[in-house]
>>> print(open('entry.cif').read())   # mmCIF, C-alpha atoms and all ligand atoms
data_entry
loop_
_atom_site.label_atom_id
_atom_site.label_comp_id
_atom_site.auth_asym_id
_atom_site.auth_seq_id
_atom_site.Cartn_x
_atom_site.Cartn_y
_atom_site.Cartn_z
CA MET C 1 22.51 -19.91 -2.90
CA LYS C 2 22.93 -17.56 0.05
CA LEU C 3 22.09 -14.60 -2.22
CA ARG C 4 18.91 -16.28 -3.47
CA PHE C 5 17.85 -16.99 0.12
CA LEU C 6 18.41 -13.33 1.11
CA ALA C 7 16.37 -12.10 -1.89
CA ALA C 8 13.46 -14.42 -1.02
CA ALA C 9 13.57 -13.30 2.63
CA ALA C 10 13.54 -9.65 1.54
CA ALA C 11 10.53 -10.24 -0.72
CA LEU C 12 8.66 -11.99 2.11
CA THR C 13 9.43 -9.12 4.51
CA ALA C 14 8.17 -6.58 1.94
CA THR C 15 4.90 -8.51 1.48
CA VAL C 16 4.33 -8.76 5.25
CA LEU C 17 4.99 -5.02 5.70
CA ALA C 18 2.59 -4.16 2.84
CA GLY C 19 -0.25 -6.02 4.61
CA PRO C 20 -2.76 -8.50 3.10
CA VAL C 21 -3.18 -8.39 -0.69
CA ALA C 22 -6.56 -6.84 -1.62
CA ALA C 23 -8.96 -9.38 -3.21
CA GLU C 24 -9.79 -8.82 -6.86
CA PRO C 25 -13.36 -7.49 -7.41
CA ILE C 26 -15.98 -9.86 -8.80
CA ILE C 27 -16.64 -8.90 -12.42
CA ILE C 28 -20.24 -8.84 -13.68
CA LYS C 29 -20.53 -8.47 -17.45
CA PHE C 30 -23.99 -7.18 -18.42
CA SER C 31 -24.53 -7.77 -22.14
CA HIS C 32 -27.54 -6.46 -24.06
CA VAL C 33 -28.60 -5.66 -27.61
CA VAL C 34 -30.23 -2.21 -27.40
CA THR C 35 -28.77 1.30 -27.20
CA GLU C 36 -28.11 3.13 -23.93
CA ASN C 37 -31.01 5.58 -24.43
CA THR C 38 -33.72 2.91 -24.05
CA PRO C 39 -35.45 1.54 -20.90
CA LYS C 40 -33.14 -1.52 -20.79
CA GLY C 41 -30.03 0.50 -21.67
CA LYS C 42 -30.76 2.95 -18.86
CA GLY C 43 -31.50 0.11 -16.44
CA ALA C 44 -28.19 -1.59 -17.18
CA ASN C 45 -26.27 1.66 -16.60
CA LEU C 46 -28.14 2.39 -13.36
CA PHE C 47 -27.36 -1.15 -12.15
CA LYS C 48 -23.67 -0.52 -12.80
CA GLN C 49 -23.79 2.84 -11.01
CA LEU C 50 -25.54 1.50 -7.87
CA VAL C 51 -23.36 -1.61 -7.64
CA GLU C 52 -20.21 0.47 -7.90
CA GLU C 53 -21.46 2.92 -5.26
CA ARG C 54 -22.53 0.27 -2.76
CA LEU C 55 -20.10 -2.56 -3.44
CA ALA C 56 -17.06 -0.47 -4.35
CA GLY C 57 -13.94 -2.58 -4.65
CA LYS C 58 -15.94 -5.79 -4.24
CA VAL C 59 -17.93 -5.92 -7.48
CA GLU C 60 -17.26 -4.28 -10.84
CA VAL C 61 -19.97 -4.14 -13.53
CA GLN C 62 -19.06 -3.92 -17.22
CA VAL C 63 -21.99 -3.04 -19.51
CA PHE C 64 -21.87 -4.00 -23.20
CA PRO C 65 -24.77 -2.37 -25.14
CA SER C 66 -25.84 -2.77 -28.80
CA ALA C 67 -24.81 -6.45 -29.11
CA GLN C 68 -21.13 -5.42 -28.77
CA LEU C 69 -20.39 -8.58 -26.78
CA PHE C 70 -23.21 -11.02 -27.59
CA GLY C 71 -26.25 -10.81 -29.87
CA ASP C 72 -29.64 -12.53 -29.86
CA ALA C 73 -28.29 -15.82 -31.18
CA ASP C 74 -25.67 -16.40 -28.50
CA GLU C 75 -26.37 -14.35 -25.36
CA ILE C 76 -28.24 -17.05 -23.41
CA ILE C 77 -25.62 -19.69 -24.21
CA ALA C 78 -22.91 -17.18 -23.20
CA LEU C 79 -24.70 -16.71 -19.86
CA LEU C 80 -24.75 -20.46 -19.25
CA LYS C 81 -21.03 -20.63 -20.09
CA ASN C 82 -20.38 -17.78 -17.64
CA ASP C 83 -18.99 -15.58 -20.44
CA THR C 84 -21.49 -12.94 -19.34
CA GLN C 85 -23.19 -12.87 -15.94
CA ILE C 86 -26.35 -10.80 -16.51
CA ILE C 87 -28.51 -10.36 -19.61
CA ALA C 88 -32.08 -9.15 -20.15
CA PRO C 89 -33.48 -10.70 -23.33
CA ALA C 90 -36.99 -9.95 -24.55
CA LEU C 91 -39.40 -12.54 -23.12
CA SER C 92 -39.98 -13.74 -26.69
CA LYS C 93 -36.41 -15.06 -26.88
CA PHE C 94 -36.61 -17.77 -24.19
CA SER C 95 -38.79 -20.29 -26.02
CA LYS C 96 -35.98 -22.88 -26.35
CA PHE C 97 -35.79 -22.95 -22.54
CA THR C 98 -39.46 -22.73 -21.49
CA LYS C 99 -42.86 -22.66 -23.15
CA VAL C 100 -44.69 -20.77 -20.39
CA LEU C 101 -43.15 -17.40 -21.26
CA GLN C 102 -44.83 -17.62 -24.67
CA LEU C 103 -47.76 -16.15 -22.75
CA TYR C 104 -46.28 -12.68 -23.08
CA ASP C 105 -46.33 -12.88 -26.91
CA LEU C 106 -50.06 -13.61 -27.22
CA PRO C 107 -51.51 -10.76 -29.33
CA PHE C 108 -53.97 -8.39 -27.61
CA LEU C 109 -53.52 -10.12 -24.22
CA PHE C 110 -52.54 -6.95 -22.33
CA ASN C 111 -54.22 -3.56 -22.84
CA ASP C 112 -51.24 -1.62 -21.47
CA LEU C 113 -48.28 -1.78 -19.06
CA ASN C 114 -50.59 -1.50 -16.03
CA ALA C 115 -52.19 -4.78 -17.05
CA VAL C 116 -48.73 -6.29 -17.56
CA ALA C 117 -47.64 -5.18 -14.07
CA CYS C 118 -50.86 -6.58 -12.57
CA PHE C 119 -49.96 -10.03 -13.94
CA GLN C 120 -46.21 -9.88 -13.26
CA ASP C 121 -46.84 -8.90 -9.63
CA SER C 122 -49.30 -11.81 -9.13
CA ALA C 123 -48.31 -15.23 -7.79
CA SER C 124 -48.50 -16.67 -11.33
CA GLY C 125 -46.29 -13.95 -12.76
CA LYS C 126 -43.69 -14.41 -10.03
CA GLU C 127 -43.78 -18.19 -10.46
CA MET C 128 -42.74 -17.73 -14.10
CA LEU C 129 -39.47 -16.12 -13.01
CA ASP C 130 -38.45 -19.63 -11.90
CA SER C 131 -39.61 -21.36 -15.08
CA MET C 132 -36.05 -21.91 -16.38
CA SER C 133 -34.27 -22.82 -13.15
CA SER C 134 -33.98 -26.49 -14.18
CA LYS C 135 -32.06 -25.21 -17.25
CA GLY C 136 -29.68 -23.22 -15.06
CA ILE C 137 -31.28 -19.81 -15.74
CA LYS C 138 -32.37 -17.70 -12.78
CA GLY C 139 -35.02 -15.01 -13.34
CA LEU C 140 -34.22 -11.96 -11.22
CA ALA C 141 -36.94 -9.52 -12.35
CA TYR C 142 -39.18 -8.34 -15.17
CA TRP C 143 -38.22 -5.10 -16.88
CA HIS C 144 -40.73 -3.23 -19.03
CA ASN C 145 -40.14 -1.86 -22.45
CA GLY C 146 -43.66 -1.34 -23.79
CA MET C 147 -46.36 -2.10 -26.31
CA LYS C 148 -45.38 -2.91 -29.91
CA GLN C 149 -46.37 -0.95 -33.01
CA LEU C 150 -46.53 -2.13 -36.62
CA SER C 151 -44.92 -0.59 -39.67
CA ALA C 152 -44.76 -1.37 -43.39
CA PRO C 153 -44.38 0.23 -46.81
CA VAL C 154 -48.21 0.51 -46.89
CA PRO C 155 -50.65 1.91 -44.29
CA LEU C 156 -51.72 -1.08 -42.15
CA ARG C 157 -55.21 0.09 -41.23
CA THR C 158 -56.67 -3.39 -41.47
CA PRO C 159 -55.16 -6.89 -41.29
CA GLU C 160 -55.87 -7.43 -44.99
CA ALA C 161 -53.19 -4.82 -45.79
CA ALA C 162 -50.53 -7.06 -44.20
CA ALA C 163 -51.25 -10.08 -46.40
CA GLY C 164 -48.22 -11.21 -48.38
CA LEU C 165 -45.79 -8.80 -46.65
CA LYS C 166 -42.60 -10.05 -44.96
CA PHE C 167 -42.41 -8.99 -41.30
CA ARG C 168 -39.36 -9.33 -39.09
CA ILE C 169 -40.11 -11.14 -35.83
CA MET C 170 -38.10 -12.16 -32.78
CA SER C 171 -37.42 -15.90 -32.42
CA SER C 172 -40.92 -16.79 -31.22
CA ASP C 173 -43.39 -19.33 -32.61
CA VAL C 174 -46.28 -17.27 -31.20
CA LEU C 175 -45.17 -14.22 -33.17
CA GLN C 176 -44.81 -16.43 -36.23
CA ALA C 177 -48.40 -17.65 -35.81
CA GLN C 178 -49.60 -14.09 -35.16
CA PHE C 179 -48.39 -12.91 -38.59
CA GLN C 180 -49.49 -16.10 -40.32
CA ALA C 181 -52.97 -15.40 -38.93
CA VAL C 182 -53.11 -12.25 -41.10
CA LYS C 183 -51.61 -14.10 -44.11
CA ALA C 184 -48.29 -12.29 -43.80
CA ASN C 185 -44.86 -13.89 -44.05
CA PRO C 186 -42.93 -13.73 -40.73
CA GLN C 187 -39.11 -13.89 -40.76
CA LYS C 188 -37.09 -14.57 -37.59
CA LEU C 189 -34.15 -12.17 -37.51
CA ALA C 190 -31.69 -10.87 -34.92
CA PHE C 191 -32.41 -7.36 -33.65
CA SER C 192 -29.07 -6.02 -34.87
CA GLU C 193 -29.93 -7.00 -38.46
CA VAL C 194 -33.36 -5.37 -38.72
CA TYR C 195 -32.41 -1.88 -39.95
CA LEU C 196 -30.39 -3.18 -42.89
CA ALA C 197 -33.03 -5.78 -43.74
CA LEU C 198 -35.69 -3.04 -43.87
CA GLN C 199 -33.44 -0.72 -45.85
CA THR C 200 -32.57 -3.33 -48.48
CA GLY C 201 -36.09 -4.73 -48.76
CA GLN C 202 -35.11 -8.17 -47.41
CA ILE C 203 -38.15 -7.63 -45.18
CA ASP C 204 -41.09 -5.29 -45.70
CA GLY C 205 -42.22 -4.49 -42.17
CA GLN C 206 -41.62 -4.93 -38.47
CA GLU C 207 -43.15 -4.70 -35.01
CA ASN C 208 -41.44 -3.02 -32.06
CA THR C 209 -41.79 -0.41 -29.32
CA TRP C 210 -41.39 3.31 -29.98
CA SER C 211 -38.13 3.42 -28.01
CA ASN C 212 -36.58 0.65 -30.14
CA ILE C 213 -38.04 2.08 -33.37
CA TYR C 214 -36.51 5.47 -32.55
CA SER C 215 -33.13 4.31 -31.24
CA GLN C 216 -32.62 1.91 -34.18
CA LYS C 217 -33.87 4.51 -36.70
CA PHE C 218 -36.46 2.12 -38.19
CA PHE C 219 -38.70 5.18 -38.75
CA GLU C 220 -36.23 6.42 -41.37
CA VAL C 221 -36.85 3.38 -43.57
CA GLN C 222 -40.55 2.72 -42.90
CA PRO C 223 -43.06 5.19 -44.35
CA HIS C 224 -46.19 4.08 -42.42
CA PHE C 225 -46.66 3.15 -38.76
CA VAL C 226 -49.87 2.21 -36.98
CA GLU C 227 -50.19 2.67 -33.25
CA SER C 228 -51.58 -0.84 -32.85
CA ASN C 229 -50.43 -1.67 -29.30
CA HIS C 230 -51.17 -5.26 -30.38
CA GLY C 231 -48.44 -6.97 -28.36
CA LEU C 232 -45.91 -6.58 -25.59
CA LEU C 233 -42.13 -6.32 -25.53
CA ASP C 234 -40.87 -6.89 -21.99
CA TYR C 235 -37.69 -8.41 -20.61
CA MET C 236 -36.56 -10.89 -18.01
CA LEU C 237 -33.39 -9.90 -16.22
CA VAL C 238 -31.57 -13.21 -15.81
CA THR C 239 -28.35 -14.61 -14.43
CA SER C 240 -27.13 -18.18 -14.22
CA GLU C 241 -28.05 -20.27 -11.17
CA ARG C 242 -24.39 -21.31 -10.94
CA PHE C 243 -23.00 -17.76 -10.89
CA TRP C 244 -25.61 -16.41 -8.46
CA LYS C 245 -25.03 -19.31 -6.03
CA SER C 246 -21.27 -18.80 -6.22
CA LEU C 247 -21.53 -15.27 -4.77
CA PRO C 248 -20.82 -14.61 -1.07
CA ASP C 249 -24.14 -14.24 0.82
CA ASP C 250 -23.66 -10.56 1.74
CA ILE C 251 -22.85 -9.60 -1.86
CA ARG C 252 -25.77 -11.60 -3.28
CA SER C 253 -28.23 -9.99 -0.88
CA GLU C 254 -26.95 -6.47 -1.69
CA LEU C 255 -27.25 -7.27 -5.43
CA ASP C 256 -30.83 -8.51 -4.87
CA LYS C 257 -31.68 -5.16 -3.25
CA ILE C 258 -30.10 -3.21 -6.10
CA VAL C 259 -31.98 -5.31 -8.68
CA MET C 260 -35.27 -4.45 -6.92
CA GLU C 261 -34.43 -0.75 -6.88
CA VAL C 262 -33.34 -0.64 -10.53
CA THR C 263 -36.41 -2.65 -11.57
CA ALA C 264 -38.73 -0.10 -9.92
CA THR C 265 -36.94 2.76 -11.73
CA VAL C 266 -36.94 1.06 -15.17
CA ASN C 267 -40.59 0.09 -14.85
CA ASP C 268 -41.51 3.66 -13.87
CA LEU C 269 -39.65 5.29 -16.73
CA ALA C 270 -40.54 2.87 -19.57
CA SER C 271 -43.87 4.46 -20.58
CA LYS C 272 -42.42 7.94 -20.69
CA GLU C 273 -39.38 6.74 -22.67
CA ASN C 274 -41.74 5.33 -25.29
CA GLU C 275 -43.93 8.44 -25.37
CA ASP C 276 -40.85 10.66 -25.77
CA ALA C 277 -39.47 8.42 -28.55
CA LYS C 278 -42.83 8.54 -30.36
CA GLN C 279 -42.81 12.35 -30.18
CA LEU C 280 -39.27 12.48 -31.60
CA ILE C 281 -40.42 10.29 -34.50
CA VAL C 282 -43.40 12.60 -35.12
CA ASP C 283 -41.11 15.66 -34.95
CA SER C 284 -38.70 14.11 -37.49
CA GLY C 285 -41.46 14.35 -40.13
CA LYS C 286 -39.94 11.28 -41.80
CA THR C 287 -42.88 8.91 -41.43
CA GLU C 288 -46.60 8.75 -40.79
CA ILE C 289 -48.15 7.46 -37.54
CA ILE C 290 -51.72 6.29 -38.06
CA GLN C 291 -54.21 6.07 -35.20
CA LEU C 292 -56.61 3.17 -35.68
CA THR C 293 -60.34 3.62 -35.17
CA ALA C 294 -62.02 1.27 -32.67
CA GLU C 295 -63.47 -0.65 -35.61
CA GLU C 296 -60.08 -1.06 -37.33
CA LYS C 297 -58.44 -2.19 -34.10
CA GLY C 298 -61.31 -4.64 -33.57
CA LYS C 299 -60.49 -6.22 -36.94
CA TRP C 300 -56.83 -6.69 -36.00
CA ARG C 301 -57.86 -8.23 -32.68
CA ALA C 302 -60.35 -10.59 -34.32
CA ALA C 303 -57.74 -11.71 -36.88
CA MET C 304 -54.92 -12.34 -34.42
CA LYS C 305 -56.63 -13.56 -31.25
CA PRO C 306 -57.31 -17.14 -32.49
CA VAL C 307 -53.55 -17.68 -31.91
CA TRP C 308 -54.33 -17.96 -28.17
CA GLU C 309 -56.05 -21.33 -28.70
CA GLN C 310 -53.02 -22.69 -30.56
CA PHE C 311 -50.62 -22.04 -27.63
CA LYS C 312 -52.88 -22.28 -24.57
CA GLY C 313 -51.97 -25.93 -23.98
CA ASP C 314 -48.21 -25.30 -23.92
CA ILE C 315 -48.48 -22.15 -21.82
CA GLY C 316 -51.15 -23.32 -19.37
CA ALA C 317 -54.79 -22.19 -19.55
CA ASN C 318 -54.58 -20.97 -15.93
CA TYR C 319 -51.81 -18.49 -16.81
CA VAL C 320 -53.68 -17.24 -19.89
CA ALA C 321 -56.86 -16.69 -17.86
CA ALA C 322 -54.98 -14.92 -15.04
CA ALA C 323 -53.20 -12.61 -17.48
CA ALA C 324 -56.38 -11.86 -19.46
CA ALA C 325 -58.18 -10.95 -16.21
CA CYS C 326 -55.68 -8.10 -15.74
CA SER C 327 -57.07 -6.34 -18.83
CA GLN C 328 -60.76 -6.67 -17.86
C1 LIG Y 401 -34.67 -5.68 -27.25
O1 LIG Y 401 -35.43 -4.75 -26.95
O2 LIG Y 401 -33.91 -6.23 -26.48
C2 LIG Y 401 -34.69 -6.17 -28.67
C3 LIG Y 401 -36.05 -6.55 -29.11
C4 LIG Y 401 -36.10 -7.13 -30.50
O3 LIG Y 401 -35.35 -8.05 -30.82
O4 LIG Y 401 -36.92 -6.65 -31.28
#
>>> encode(input="entry.cif", output="structure tokens")
Amino acid sequence: MKLRFLAAAAALTATVLAGPVAAEPIIIKFSHVVTENTPKGKGANLFKQLVEERLAGKVEVQVFPSAQLFGDADEIIALLKNDTQIIAPALSKFSKFTKVLQLYDLPFLFNDLNAVACFQDSASGKEMLDSMSSKGIKGLAYWHNGMKQLSAPVPLRTPEAAAGLKFRIMSSDVLQAQFQAVKANPQKLAFSEVYLALQTGQIDGQENTWSNIYSQKFFEVQPHFVESNHGLLDYMLVTSERFWKSLPDDIRSELDKIVMEVTATVNDLASKENEDAKQLIVDSGKTEIIQLTAEEKGKWRAAMKPVWEQFKGDIGANYVAAAAACSQ
């Protein structure tokens, strides 16, 4: 008994002499589905770097690229269960949680990323960051990827060429309607499954940005691309309301500053990343990239644009008009 008391006293003395025990750092898991050499992949790594420089010992960021931790089907649920703390899904993947973000999938709504930034920086664009707060999802920022391009086993110069082909789409009813409008057959499929589905002929074609097409090697299994710029692929960087509120005020405000800084960098580099990826695809000599004439592009626009009417009610006509004004 006396021995046990002496041992406990010695342990207590040792703890007191060693000083207060350092608090464990807060862990932020950042899960995403793309590779590290893409706009989102680079953004996630820069976020980790800045957090670990400025909040050393207080916050640790663990980045999981290429759907290593969670894929399209489960990343938002994982966020709400606090199994990951930050994700940045394509805006097309939030439709179970809000209808307003369907805006960003409307074909031929934005001419380019400048028009996208014009809308996202407006009061309406910023308002949409809060569109899922009642579901526990907090929008932190928009991150650009870029404009989408089409590919198939045949040259898609006009919408008629797409009729009857199976196209992979993200889980979006707008994208489904967009391909139905040209009599094609859209198939919702997780990003990580697209390459194999193209290779095995489960699907015929796809739409994505040059940086995703290059990093996923879709150009190796698709003989014809058209630079259609018909739609947008952008992201919302999100966390859960519960996790963000649980952070100490000083840490949350430093993270807010870092998010703003990383957002500016990602949104500056996205266009160049896509141009560079396109050039690498050209240099590979493995596929053809077709430039559409104004007349051909006009035909695609005329075929797909009626989709706006179908979704205007759910999205809000005011948002559609405000976004369209950015491309005038
Ligand atoms: C992504 O860029 O996060 C993936 C987009 C897609 O599913 O096509």
>>> residues_near_point(input="entry.cif", point="(-27.5, -7.4, -7.1)", cutoff="10 Å", atoms="all atoms listed in the file", output="list in words")
Ile28, Phe47, Lys48, Leu50, Val51, Leu55, Val59, Leu140, Trp244, Ile251, Arg252, Ser253, Glu254, Leu255, Asp256, Lys257, Ile258, Val259, Met260, Glu261 and Val262 of chain C
>>> write_last_selection(input="entry.cif", atoms="C-alpha atoms", output="PDB file, keeping the file's coordinate frame")
ATOM      1  CA  ILE C  28     -20.240  -8.840 -13.680  1.00  0.00           C
ATOM      2  CA  PHE C  47     -27.360  -1.150 -12.150  1.00  0.00           C
ATOM      3  CA  LYS C  48     -23.670  -0.520 -12.800  1.00  0.00           C
ATOM      4  CA  LEU C  50     -25.540   1.500  -7.870  1.00  0.00           C
ATOM      5  CA  VAL C  51     -23.360  -1.610  -7.640  1.00  0.00           C
ATOM      6  CA  LEU C  55     -20.100  -2.560  -3.440  1.00  0.00           C
ATOM      7  CA  VAL C  59     -17.930  -5.920  -7.480  1.00  0.00           C
ATOM      8  CA  LEU C 140     -34.220 -11.960 -11.220  1.00  0.00           C
ATOM      9  CA  TRP C 244     -25.610 -16.410  -8.460  1.00  0.00           C
ATOM     10  CA  ILE C 251     -22.850  -9.600  -1.860  1.00  0.00           C
ATOM     11  CA  ARG C 252     -25.770 -11.600  -3.280  1.00  0.00           C
ATOM     12  CA  SER C 253     -28.230  -9.990  -0.880  1.00  0.00           C
ATOM     13  CA  GLU C 254     -26.950  -6.470  -1.690  1.00  0.00           C
ATOM     14  CA  LEU C 255     -27.250  -7.270  -5.430  1.00  0.00           C
ATOM     15  CA  ASP C 256     -30.830  -8.510  -4.870  1.00  0.00           C
ATOM     16  CA  LYS C 257     -31.680  -5.160  -3.250  1.00  0.00           C
ATOM     17  CA  ILE C 258     -30.100  -3.210  -6.100  1.00  0.00           C
ATOM     18  CA  VAL C 259     -31.980  -5.310  -8.680  1.00  0.00           C
ATOM     19  CA  MET C 260     -35.270  -4.450  -6.920  1.00  0.00           C
ATOM     20  CA  GLU C 261     -34.430  -0.750  -6.880  1.00  0.00           C
ATOM     21  CA  VAL C 262     -33.340  -0.640 -10.530  1.00  0.00           C
TER      22      VAL C 262
END
>>> residues_near_ligand(input="entry.cif", ligand="ligand LIG 401 (chain Y)", cutoff="7 Å", atoms="all atoms listed in the file", output="PyMOL selection string")
chain C and resi 32-34+89-90+170+190-191+208+212
>>> residues_around(input="entry.cif", residues="C:Ser131", least_positions_apart="3", cutoff="9 Å", atoms="all atoms listed in the file", output="PyMOL selection string")
chain C and resi 97-101+127-128+134-135+137-139
>>> closest_residue(input="entry.cif", among="C:Gly313, C:Pro186, C:Glu60, C:Thr293", to="C:Glu24", atoms="only C-alpha atoms")
C:Glu60
>>> closest_residue(input="entry.cif", among="C:Lys272, C:Lys148, C:His230, C:Lys188", to="C:Gln176", atoms="only C-alpha atoms")
C:Lys188
>>> residues_around(input="entry.cif", residues="C:Met236", least_positions_apart="5", cutoff="6 Å", atoms="all atoms listed in the file", output="ChimeraX atom specification")
/C:88,141-142
>>> closest_residue(input="entry.cif", among="C:Ser211, C:Ala152, C:Leu80, C:Asn229", to="C:Leu269", atoms="only C-alpha atoms")
C:Ser211
>>> residues_around(input="entry.cif", residues="C:Thr84", least_positions_apart="2", cutoff="12 Å", atoms="only C-alpha atoms", output="ChimeraX atom specification")
/C:27-32,61-64,69-71,74-82,86-88,238-240,243
>>> residues_around(input="entry.cif", residues="C:Ala303", least_positions_apart="6", cutoff="12 Å", atoms="all atoms listed in the file", output="list in words")
Pro107, Phe108, Thr158, Pro159, Glu160, Ala162, Ala163, Ala177, Gln178, Phe179, Gln180, Ala181, Val182, Lys183, Ala184, His230, Glu296 and Lys297 of chain C
>>> closest_residue(input="entry.cif", among="C:Leu91, C:Ala277, C:Leu150, C:Val221", to="C:Gln206", atoms="all atoms listed in the file")
C:Leu150
>>> closest_residue(input="entry.cif", among="C:Glu36, C:Asp105, C:Tyr319, C:Ile203", to="C:Ala123", atoms="only C-alpha atoms")
C:Tyr319
>>> closest_residue(input="entry.cif", among="C:Ser151, C:Lys93, C:Ile26, C:Trp210", to="C:Gln279", atoms="all atoms listed in the file")
C:Trp210
>>> atom_distance(input="entry.cif", atom1="atom CA of C:Gln120", atom2="atom CA of C:Ala323")
8.6 Å
>>> decode(input="entry.cif", residues="stretch 226-288 of chain C", atoms="C-alpha atoms", output="PDB file, in the first residue's frame")
ATOM      1  CA  VAL C 226     -14.803  18.957 -79.444  1.00  0.00           C
ATOM      2  CA  GLU C 227     -13.871  22.149 -77.671  1.00  0.00           C
ATOM      3  CA  SER C 228     -17.514  22.901 -76.932  1.00  0.00           C
ATOM      4  CA  ASN C 229     -17.198  24.932 -73.709  1.00  0.00           C
ATOM      5  CA  HIS C 230     -20.911  24.109 -73.346  1.00  0.00           C
ATOM      6  CA  GLY C 231     -21.012  23.876 -69.558  1.00  0.00           C
ATOM      7  CA  LEU C 232     -19.173  24.597 -66.336  1.00  0.00           C
ATOM      8  CA  LEU C 233     -17.427  22.410 -63.789  1.00  0.00           C
ATOM      9  CA  ASP C 234     -16.829  24.391 -60.604  1.00  0.00           C
ATOM     10  CA  TYR C 235     -16.687  23.398 -56.953  1.00  0.00           C
ATOM     11  CA  MET C 236     -18.026  24.498 -53.612  1.00  0.00           C
ATOM     12  CA  LEU C 237     -15.560  24.131 -50.771  1.00  0.00           C
ATOM     13  CA  VAL C 238     -17.747  22.984 -47.887  1.00  0.00           C
ATOM     14  CA  THR C 239     -17.487  21.983 -44.258  1.00  0.00           C
ATOM     15  CA  SER C 240     -20.181  21.017 -41.787  1.00  0.00           C
ATOM     16  CA  GLU C 241     -21.905  23.742 -39.765  1.00  0.00           C
ATOM     17  CA  ARG C 242     -21.337  21.613 -36.655  1.00  0.00           C
ATOM     18  CA  PHE C 243     -17.579  21.216 -37.149  1.00  0.00           C
ATOM     19  CA  TRP C 244     -16.990  24.866 -38.101  1.00  0.00           C
ATOM     20  CA  LYS C 245     -18.949  26.110 -35.063  1.00  0.00           C
ATOM     21  CA  SER C 246     -17.020  23.757 -32.776  1.00  0.00           C
ATOM     22  CA  LEU C 247     -13.696  25.467 -33.585  1.00  0.00           C
ATOM     23  CA  PRO C 248     -12.187  28.046 -31.205  1.00  0.00           C
ATOM     24  CA  ASP C 249     -12.852  31.581 -32.553  1.00  0.00           C
ATOM     25  CA  ASP C 250      -9.187  32.434 -33.224  1.00  0.00           C
ATOM     26  CA  ILE C 251      -8.613  29.214 -35.178  1.00  0.00           C
ATOM     27  CA  ARG C 252     -11.825  29.612 -37.190  1.00  0.00           C
ATOM     28  CA  SER C 253     -10.946  33.166 -38.166  1.00  0.00           C
ATOM     29  CA  GLU C 254      -7.404  32.162 -39.236  1.00  0.00           C
ATOM     30  CA  LEU C 255      -8.888  29.289 -41.295  1.00  0.00           C
ATOM     31  CA  ASP C 256     -11.337  31.739 -42.930  1.00  0.00           C
ATOM     32  CA  LYS C 257      -8.380  33.917 -43.975  1.00  0.00           C
ATOM     33  CA  ILE C 258      -6.484  30.930 -45.363  1.00  0.00           C
ATOM     34  CA  VAL C 259      -9.564  29.777 -47.302  1.00  0.00           C
ATOM     35  CA  MET C 260      -9.800  33.237 -48.912  1.00  0.00           C
ATOM     36  CA  GLU C 261      -6.132  33.192 -49.860  1.00  0.00           C
ATOM     37  CA  VAL C 262      -6.222  29.659 -51.283  1.00  0.00           C
ATOM     38  CA  THR C 263      -9.435  30.451 -53.186  1.00  0.00           C
ATOM     39  CA  ALA C 264      -7.776  33.436 -54.892  1.00  0.00           C
ATOM     40  CA  THR C 265      -4.803  31.256 -55.907  1.00  0.00           C
ATOM     41  CA  VAL C 266      -6.926  28.344 -57.210  1.00  0.00           C
ATOM     42  CA  ASN C 267      -9.196  30.672 -59.150  1.00  0.00           C
ATOM     43  CA  ASP C 268      -6.186  32.409 -60.713  1.00  0.00           C
ATOM     44  CA  LEU C 269      -4.465  29.210 -61.781  1.00  0.00           C
ATOM     45  CA  ALA C 270      -7.489  27.216 -63.047  1.00  0.00           C
ATOM     46  CA  SER C 271      -7.562  28.603 -66.616  1.00  0.00           C
ATOM     47  CA  LYS C 272      -3.862  28.042 -67.129  1.00  0.00           C
ATOM     48  CA  GLU C 273      -4.070  24.513 -65.682  1.00  0.00           C
ATOM     49  CA  ASN C 274      -6.736  23.693 -68.255  1.00  0.00           C
ATOM     50  CA  GLU C 275      -4.821  25.300 -71.133  1.00  0.00           C
ATOM     51  CA  ASP C 276      -1.665  23.386 -70.154  1.00  0.00           C
ATOM     52  CA  ALA C 277      -3.607  20.107 -69.894  1.00  0.00           C
ATOM     53  CA  LYS C 278      -5.148  20.702 -73.333  1.00  0.00           C
ATOM     54  CA  GLN C 279      -1.677  21.264 -74.813  1.00  0.00           C
ATOM     55  CA  LEU C 280      -0.395  18.030 -73.246  1.00  0.00           C
ATOM     56  CA  ILE C 281      -3.326  16.174 -74.815  1.00  0.00           C
ATOM     57  CA  VAL C 282      -2.540  17.732 -78.225  1.00  0.00           C
ATOM     58  CA  ASP C 283       1.158  16.843 -77.811  1.00  0.00           C
ATOM     59  CA  SER C 284       0.282  13.211 -76.980  1.00  0.00           C
ATOM     60  CA  GLY C 285      -1.053  12.801 -80.538  1.00  0.00           C
ATOM     61  CA  LYS C 286      -3.503  10.222 -79.177  1.00  0.00           C
ATOM     62  CA  THR C 287      -6.744  12.007 -80.007  1.00  0.00           C
ATOM     63  CA  GLU C 288      -8.264  14.726 -82.150  1.00  0.00           C
TER      64      GLU C 288
END
